[in-house]
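J.: Questions regarding the structure given below will be posed in turn.
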Amino acid sequence: MAATSAGILLFRRAGEALEVLLVHPGGPYWSKKDLGAWSIPKGLVEEGEEPLRCALRELEEELGSPFSFAAEELDELGSVRQKAGKVVHCWAAEGDFDPTTLRSNTFSIEWPPRSGAEREFPEVDRAEWFGLDEARRKIIAAQAEFLDRLKVR
């Protein structure tokens with residue numbers, strides 16, 4: 001069965017334009033990747049967990065900042081299937097976040113491979129606001145659909 005993730009696409013107004021917040025995955029495998037590597041803040045839905053609850057939890061864990069949204073402030077953008085099969089559910093919310101305050105949770109892996117040494121890395125090593133055109137270049141291909149589905153009131 002394919003893994004299922006859920007996340008929040010934060011957006012804000014920048015004059016007449018819209019900007020969206022994307023995050024760059026941390027760890028050594030992603031360190032030199034840029035175009036097509038960024039994502040919405042998201043994470044795996046735990047067994048028995050509602051996807052929206054997961055999306056809100058992951059937003060706080062990956063950014064290291066508390067957020068609070070009323071149900072009517074969240075717009076469901078549906079789901080997409082990424083190339084490797086993972087299904088990602090997404091909601092959009094207008095909000096703000098200062099990327100300089102990023103405090104992501106961490107994960108441990110053996111690094112370098114076969115070294116026997118465990119190293120800890122942030123799940124997210126960068127967060128940045130992008131205009132929609134630049135976001136389409138940066139985001140994982142399947143997730144670009146969320147940018148197309150974004151409707152601002």
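Here, A, B, ... name the chains of the structure tokens in the order displayed, residue numbers run from 1 inside each chain, and ligands are numbered from 1 in the same displayed order.
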Do you know which residues are at most 9 Å from Asn105 (chain A) counting only C-alpha atoms, after dropping those on the same chain fewer than 6 positions away, and could you put them as a list of chain:residue names?
T.: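 Using only C-alpha atoms, the neighbours found are A:Glu61, A:Glu62, A:Leu63, A:Gly64, A:Phe121, A:Pro122, A:Glu123, A:Val124.
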J.: Print the selection's residues with N, CA and C atoms to a file, as a PDB file, in the first residue's frame.
T.:
```
ATOM      1  N   GLU A  61       5.597  20.885  13.260  1.00  0.00           N
ATOM      2  CA  GLU A  61       6.842  20.142  13.469  1.00  0.00           C
ATOM      3  C   GLU A  61       7.939  20.568  12.483  1.00  0.00           C
ATOM      4  N   GLU A  62       7.563  20.743  11.225  1.00  0.00           N
ATOM      5  CA  GLU A  62       8.575  21.046  10.223  1.00  0.00           C
ATOM      6  C   GLU A  62       9.049  22.493  10.276  1.00  0.00           C
ATOM      7  N   LEU A  63       8.167  23.404  10.692  1.00  0.00           N
ATOM      8  CA  LEU A  63       8.567  24.813  10.766  1.00  0.00           C
ATOM      9  C   LEU A  63       9.022  25.215  12.165  1.00  0.00           C
ATOM     10  N   GLY A  64       8.595  24.452  13.177  1.00  0.00           N
ATOM     11  CA  GLY A  64       8.978  24.769  14.551  1.00  0.00           C
ATOM     12  C   GLY A  64       8.232  25.965  15.102  1.00  0.00           C
ATOM     13  N   PHE A 121      19.885  14.955  11.257  1.00  0.00           N
ATOM     14  CA  PHE A 121      19.661  16.005  10.269  1.00  0.00           C
ATOM     15  C   PHE A 121      18.274  16.604  10.473  1.00  0.00           C
ATOM     16  N   PRO A 122      18.083  17.875  10.108  1.00  0.00           N
ATOM     17  CA  PRO A 122      16.736  18.451  10.165  1.00  0.00           C
ATOM     18  C   PRO A 122      15.884  17.858   9.040  1.00  0.00           C
ATOM     19  N   GLU A 123      14.598  17.628   9.321  1.00  0.00           N
ATOM     20  CA  GLU A 123      13.696  17.161   8.260  1.00  0.00           C
ATOM     21  C   GLU A 123      13.598  18.202   7.155  1.00  0.00           C
ATOM     22  N   VAL A 124      13.640  19.464   7.550  1.00  0.00           N
ATOM     23  CA  VAL A 124      13.566  20.583   6.615  1.00  0.00           C
ATOM     24  C   VAL A 124      14.767  21.472   6.892  1.00  0.00           C
TER      25      VAL A 124
END
```
J.: Looking only at the backbone, which of the residues in region 58-141 of chain A does DSSP tag as strand (DSSP E or B), as a PDB file with N, CA and C atoms, in the first residue's frame?
T.:
```
ATOM      1  N   LEU A  74      -9.355  26.950   6.155  1.00  0.00           N
ATOM      2  CA  LEU A  74      -8.621  25.920   5.419  1.00  0.00           C
ATOM      3  C   LEU A  74      -9.409  25.507   4.187  1.00  0.00           C
ATOM      4  N   ASP A  75      -8.760  25.529   3.046  1.00  0.00           N
ATOM      5  CA  ASP A  75      -9.384  25.102   1.794  1.00  0.00           C
ATOM      6  C   ASP A  75      -8.765  23.776   1.371  1.00  0.00           C
ATOM      7  N   GLU A  76      -9.596  22.761   1.236  1.00  0.00           N
ATOM      8  CA  GLU A  76      -9.096  21.454   0.818  1.00  0.00           C
ATOM      9  C   GLU A  76      -8.719  21.506  -0.663  1.00  0.00           C
ATOM     10  N   LEU A  77      -7.486  21.115  -0.962  1.00  0.00           N
ATOM     11  CA  LEU A  77      -7.000  21.119  -2.337  1.00  0.00           C
ATOM     12  C   LEU A  77      -6.942  19.714  -2.929  1.00  0.00           C
ATOM     13  N   GLY A  78      -7.457  18.735  -2.203  1.00  0.00           N
ATOM     14  CA  GLY A  78      -7.480  17.366  -2.701  1.00  0.00           C
ATOM     15  C   GLY A  78      -6.156  16.657  -2.515  1.00  0.00           C
ATOM     16  N   SER A  79      -5.912  15.680  -3.361  1.00  0.00           N
ATOM     17  CA  SER A  79      -4.690  14.889  -3.233  1.00  0.00           C
ATOM     18  C   SER A  79      -4.061  14.670  -4.602  1.00  0.00           C
ATOM     19  N   VAL A  80      -2.783  14.321  -4.571  1.00  0.00           N
ATOM     20  CA  VAL A  80      -2.033  13.950  -5.771  1.00  0.00           C
ATOM     21  C   VAL A  80      -1.235  12.688  -5.461  1.00  0.00           C
ATOM     22  N   ARG A  81      -0.858  11.980  -6.505  1.00  0.00           N
ATOM     23  CA  ARG A  81       0.012  10.816  -6.353  1.00  0.00           C
ATOM     24  C   ARG A  81       1.368  11.183  -6.947  1.00  0.00           C
ATOM     25  N   VAL A  87       0.750   9.151  -1.849  1.00  0.00           N
ATOM     26  CA  VAL A  87      -0.410  10.023  -2.001  1.00  0.00           C
ATOM     27  C   VAL A  87      -0.256  11.169  -1.007  1.00  0.00           C
ATOM     28  N   VAL A  88      -0.414  12.406  -1.499  1.00  0.00           N
ATOM     29  CA  VAL A  88      -0.284  13.593  -0.649  1.00  0.00           C
ATOM     30  C   VAL A  88      -1.600  14.354  -0.662  1.00  0.00           C
ATOM     31  N   HIS A  89      -2.172  14.554   0.538  1.00  0.00           N
ATOM     32  CA  HIS A  89      -3.377  15.360   0.719  1.00  0.00           C
ATOM     33  C   HIS A  89      -2.938  16.763   1.122  1.00  0.00           C
ATOM     34  N   CYS A  90      -3.668  17.777   0.656  1.00  0.00           N
ATOM     35  CA  CYS A  90      -3.244  19.151   0.927  1.00  0.00           C
ATOM     36  C   CYS A  90      -4.424  20.069   1.219  1.00  0.00           C
ATOM     37  N   TRP A  91      -4.184  20.993   2.145  1.00  0.00           N
ATOM     38  CA  TRP A  91      -5.101  22.082   2.446  1.00  0.00           C
ATOM     39  C   TRP A  91      -4.322  23.377   2.297  1.00  0.00           C
ATOM     40  N   ALA A  92      -5.008  24.429   1.914  1.00  0.00           N
ATOM     41  CA  ALA A  92      -4.376  25.747   1.792  1.00  0.00           C
ATOM     42  C   ALA A  92      -4.870  26.631   2.922  1.00  0.00           C
ATOM     43  N   ALA A  93      -3.983  27.499   3.400  1.00  0.00           N
ATOM     44  CA  ALA A  93      -4.340  28.448   4.449  1.00  0.00           C
ATOM     45  C   ALA A  93      -3.520  29.709   4.269  1.00  0.00           C
ATOM     46  N   GLU A  94      -4.183  30.845   4.448  1.00  0.00           N
ATOM     47  CA  GLU A  94      -3.461  32.103   4.409  1.00  0.00           C
ATOM     48  C   GLU A  94      -2.779  32.295   5.753  1.00  0.00           C
ATOM     49  N   THR A 106      13.973  16.696  13.679  1.00  0.00           N
ATOM     50  CA  THR A 106      15.132  16.037  13.083  1.00  0.00           C
ATOM     51  C   THR A 106      14.893  14.545  12.886  1.00  0.00           C
ATOM     52  N   PHE A 107      15.787  13.915  12.131  1.00  0.00           N
ATOM     53  CA  PHE A 107      15.784  12.470  11.958  1.00  0.00           C
ATOM     54  C   PHE A 107      17.235  11.995  11.972  1.00  0.00           C
ATOM     55  N   SER A 108      17.429  10.716  12.267  1.00  0.00           N
ATOM     56  CA  SER A 108      18.775  10.139  12.310  1.00  0.00           C
ATOM     57  C   SER A 108      18.925   9.082  11.224  1.00  0.00           C
ATOM     58  N   ILE A 109      20.096   9.082  10.586  1.00  0.00           N
ATOM     59  CA  ILE A 109      20.445   8.029   9.626  1.00  0.00           C
ATOM     60  C   ILE A 109      21.931   7.720   9.770  1.00  0.00           C
ATOM     61  N   GLU A 110      22.310   6.562   9.247  1.00  0.00           N
ATOM     62  CA  GLU A 110      23.724   6.219   9.205  1.00  0.00           C
ATOM     63  C   GLU A 110      24.371   7.057   8.107  1.00  0.00           C
ATOM     64  N   GLU A 118      25.874   7.197  13.294  1.00  0.00           N
ATOM     65  CA  GLU A 118      24.545   7.815  13.159  1.00  0.00           C
ATOM     66  C   GLU A 118      24.693   9.324  13.237  1.00  0.00           C
ATOM     67  N   ARG A 119      24.037  10.017  12.309  1.00  0.00           N
ATOM     68  CA  ARG A 119      24.032  11.485  12.330  1.00  0.00           C
ATOM     69  C   ARG A 119      22.604  11.971  12.308  1.00  0.00           C
ATOM     70  N   GLU A 120      22.400  13.105  12.903  1.00  0.00           N
ATOM     71  CA  GLU A 120      21.071  13.712  12.958  1.00  0.00           C
ATOM     72  C   GLU A 120      21.010  14.871  11.974  1.00  0.00           C
ATOM     73  N   PHE A 121      19.885  14.955  11.257  1.00  0.00           N
ATOM     74  CA  PHE A 121      19.661  16.005  10.269  1.00  0.00           C
ATOM     75  C   PHE A 121      18.274  16.604  10.473  1.00  0.00           C
ATOM     76  N   PRO A 122      18.083  17.875  10.108  1.00  0.00           N
ATOM     77  CA  PRO A 122      16.736  18.451  10.165  1.00  0.00           C
ATOM     78  C   PRO A 122      15.884  17.858   9.040  1.00  0.00           C
ATOM     79  N   VAL A 124      13.640  19.464   7.550  1.00  0.00           N
ATOM     80  CA  VAL A 124      13.566  20.583   6.615  1.00  0.00           C
ATOM     81  C   VAL A 124      14.767  21.472   6.892  1.00  0.00           C
ATOM     82  N   ASP A 125      15.567  21.773   5.861  1.00  0.00           N
ATOM     83  CA  ASP A 125      16.734  22.619   6.117  1.00  0.00           C
ATOM     84  C   ASP A 125      16.533  24.069   5.682  1.00  0.00           C
ATOM     85  N   ARG A 126      15.482  24.329   4.889  1.00  0.00           N
ATOM     86  CA  ARG A 126      15.175  25.694   4.459  1.00  0.00           C
ATOM     87  C   ARG A 126      13.682  25.832   4.221  1.00  0.00           C
ATOM     88  N   ALA A 127      13.189  27.030   4.426  1.00  0.00           N
ATOM     89  CA  ALA A 127      11.820  27.393   4.048  1.00  0.00           C
ATOM     90  C   ALA A 127      11.927  28.731   3.344  1.00  0.00           C
ATOM     91  N   GLU A 128      11.099  28.911   2.328  1.00  0.00           N
ATOM     92  CA  GLU A 128      11.189  30.159   1.575  1.00  0.00           C
ATOM     93  C   GLU A 128       9.846  30.463   0.917  1.00  0.00           C
ATOM     94  N   TRP A 129       9.550  31.762   0.805  1.00  0.00           N
ATOM     95  CA  TRP A 129       8.375  32.228   0.091  1.00  0.00           C
ATOM     96  C   TRP A 129       8.727  32.393  -1.383  1.00  0.00           C
ATOM     97  N   PHE A 130       7.843  31.894  -2.259  1.00  0.00           N
ATOM     98  CA  PHE A 130       8.049  31.993  -3.697  1.00  0.00           C
ATOM     99  C   PHE A 130       6.781  32.514  -4.367  1.00  0.00           C
ATOM    100  N   GLY A 131       6.966  33.319  -5.409  1.00  0.00           N
ATOM    101  CA  GLY A 131       5.849  33.633  -6.282  1.00  0.00           C
ATOM    102  C   GLY A 131       5.431  32.358  -6.993  1.00  0.00           C
ATOM    103  N   ILE A 139       8.937  23.205  -6.852  1.00  0.00           N
ATOM    104  CA  ILE A 139       8.172  22.169  -6.156  1.00  0.00           C
ATOM    105  C   ILE A 139       8.269  20.817  -6.872  1.00  0.00           C
TER     106      ILE A 139
END
```
J.: Compare A:Ala3, A:Gly15, A:Leu102, A:Arg137 by their minimum atom-to-atom distance to Pro41 (chain A), counting only C-alpha atoms, and give me the closest one.
T.: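 Of all the options, A:Leu102 lies closest to Pro41 (chain A).
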J.: Taking 6 positions as the minimum chain separation for residues in the same chain, which residues sit within 10 Å of Phe67 (chain A) when counting only C-alpha atoms? Answer as a ChimeraX atom specification.
T.: /A:56-57,59-60,95-97
J.: Please produce a file of those selected residues containing N, CA and C atoms, as a short mmCIF file (atom, residue, chain, number, x, y, z; two decimals), in the first residue's frame.
T.:
```
data_model
loop_
_atom_site.label_atom_id
_atom_site.label_comp_id
_atom_site.auth_asym_id
_atom_site.auth_seq_id
_atom_site.Cartn_x
_atom_site.Cartn_y
_atom_site.Cartn_z
N LEU A 56 -1.80 19.60 9.99
CA LEU A 56 -1.57 20.67 10.97
C LEU A 56 -0.39 20.34 11.89
N ARG A 57 -0.30 19.09 12.31
CA ARG A 57 0.82 18.66 13.17
C ARG A 57 2.15 18.82 12.44
N LEU A 59 2.89 20.76 9.90
CA LEU A 59 3.22 22.17 9.68
C LEU A 59 4.01 22.71 10.87
N GLU A 60 3.52 22.43 12.07
CA GLU A 60 4.21 22.91 13.28
C GLU A 60 5.54 22.20 13.49
N GLY A 95 -1.51 32.62 5.70
CA GLY A 95 -0.76 32.79 6.94
C GLY A 95 0.58 33.41 6.64
N ASP A 96 1.37 33.58 7.68
CA ASP A 96 2.69 34.14 7.50
C ASP A 96 3.67 33.35 8.35
N PHE A 97 4.89 33.34 7.92
CA PHE A 97 5.96 32.65 8.63
C PHE A 97 7.26 33.30 8.22
#
```
J.: In Å, with one decimal, what is the gap from CA of Thr100 (chain A) to CA of Gly43 (chain A)?
T.: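 These two atoms are separated by 21.3 Å.
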J.: Nearest to Val20 (chain A) among A:Val45, A:Ala2, A:Ile40, A:Leu52, with distances taken over only C-alpha atoms: which residue is it?
T.: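 Of A:Val45, A:Ala2, A:Ile40, A:Leu52, the one nearest Val20 (chain A), counting only C-alpha atoms, is A:Ile40.
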J.: Find, counting only C-alpha atoms, the residue in A:Ala117, A:Ser39, A:Gly26, A:Trp111 that gets nearest to Glu145 (chain A).
T.: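 Smallest distance to Glu145 (chain A) is found for A:Ser39.
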J.: Counting only C-alpha atoms, what is within 10 Å of Ala144 (chain A), bar same-chain residues fewer than 2 positions away, as a list in words?
T.: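 Counting only the stated atoms, we get Gly36, Ser39, Ile40, Val80, Leu132, Ala135, Arg136, Arg137, Lys138, Ile139, Ile140, Ala141, Ala142, Phe146, Leu147, Asp148 and Arg149 of chain A.
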J.: Please determine, counting only C-alpha atoms, which residue among A:Glu73, A:Pro112, A:Leu22, A:Pro51 has the shortest atom-to-atom distance to Leu9 (chain A).
T.: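 Using only C-alpha atoms, Leu9 (chain A) sits closest to A:Leu22.
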J.: Record the distance separating CA of Thr101 (chain A) and CA of Gly27 (chain A), expressed in Å with one decimal.
T.: 18.8 Å
J.: Could you state the separation of CA of Glu50 (chain A) and CA of Arg12 (chain A) in Å, given to one decimal place?
T.: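 These atoms are spaced 25.8 Å apart.
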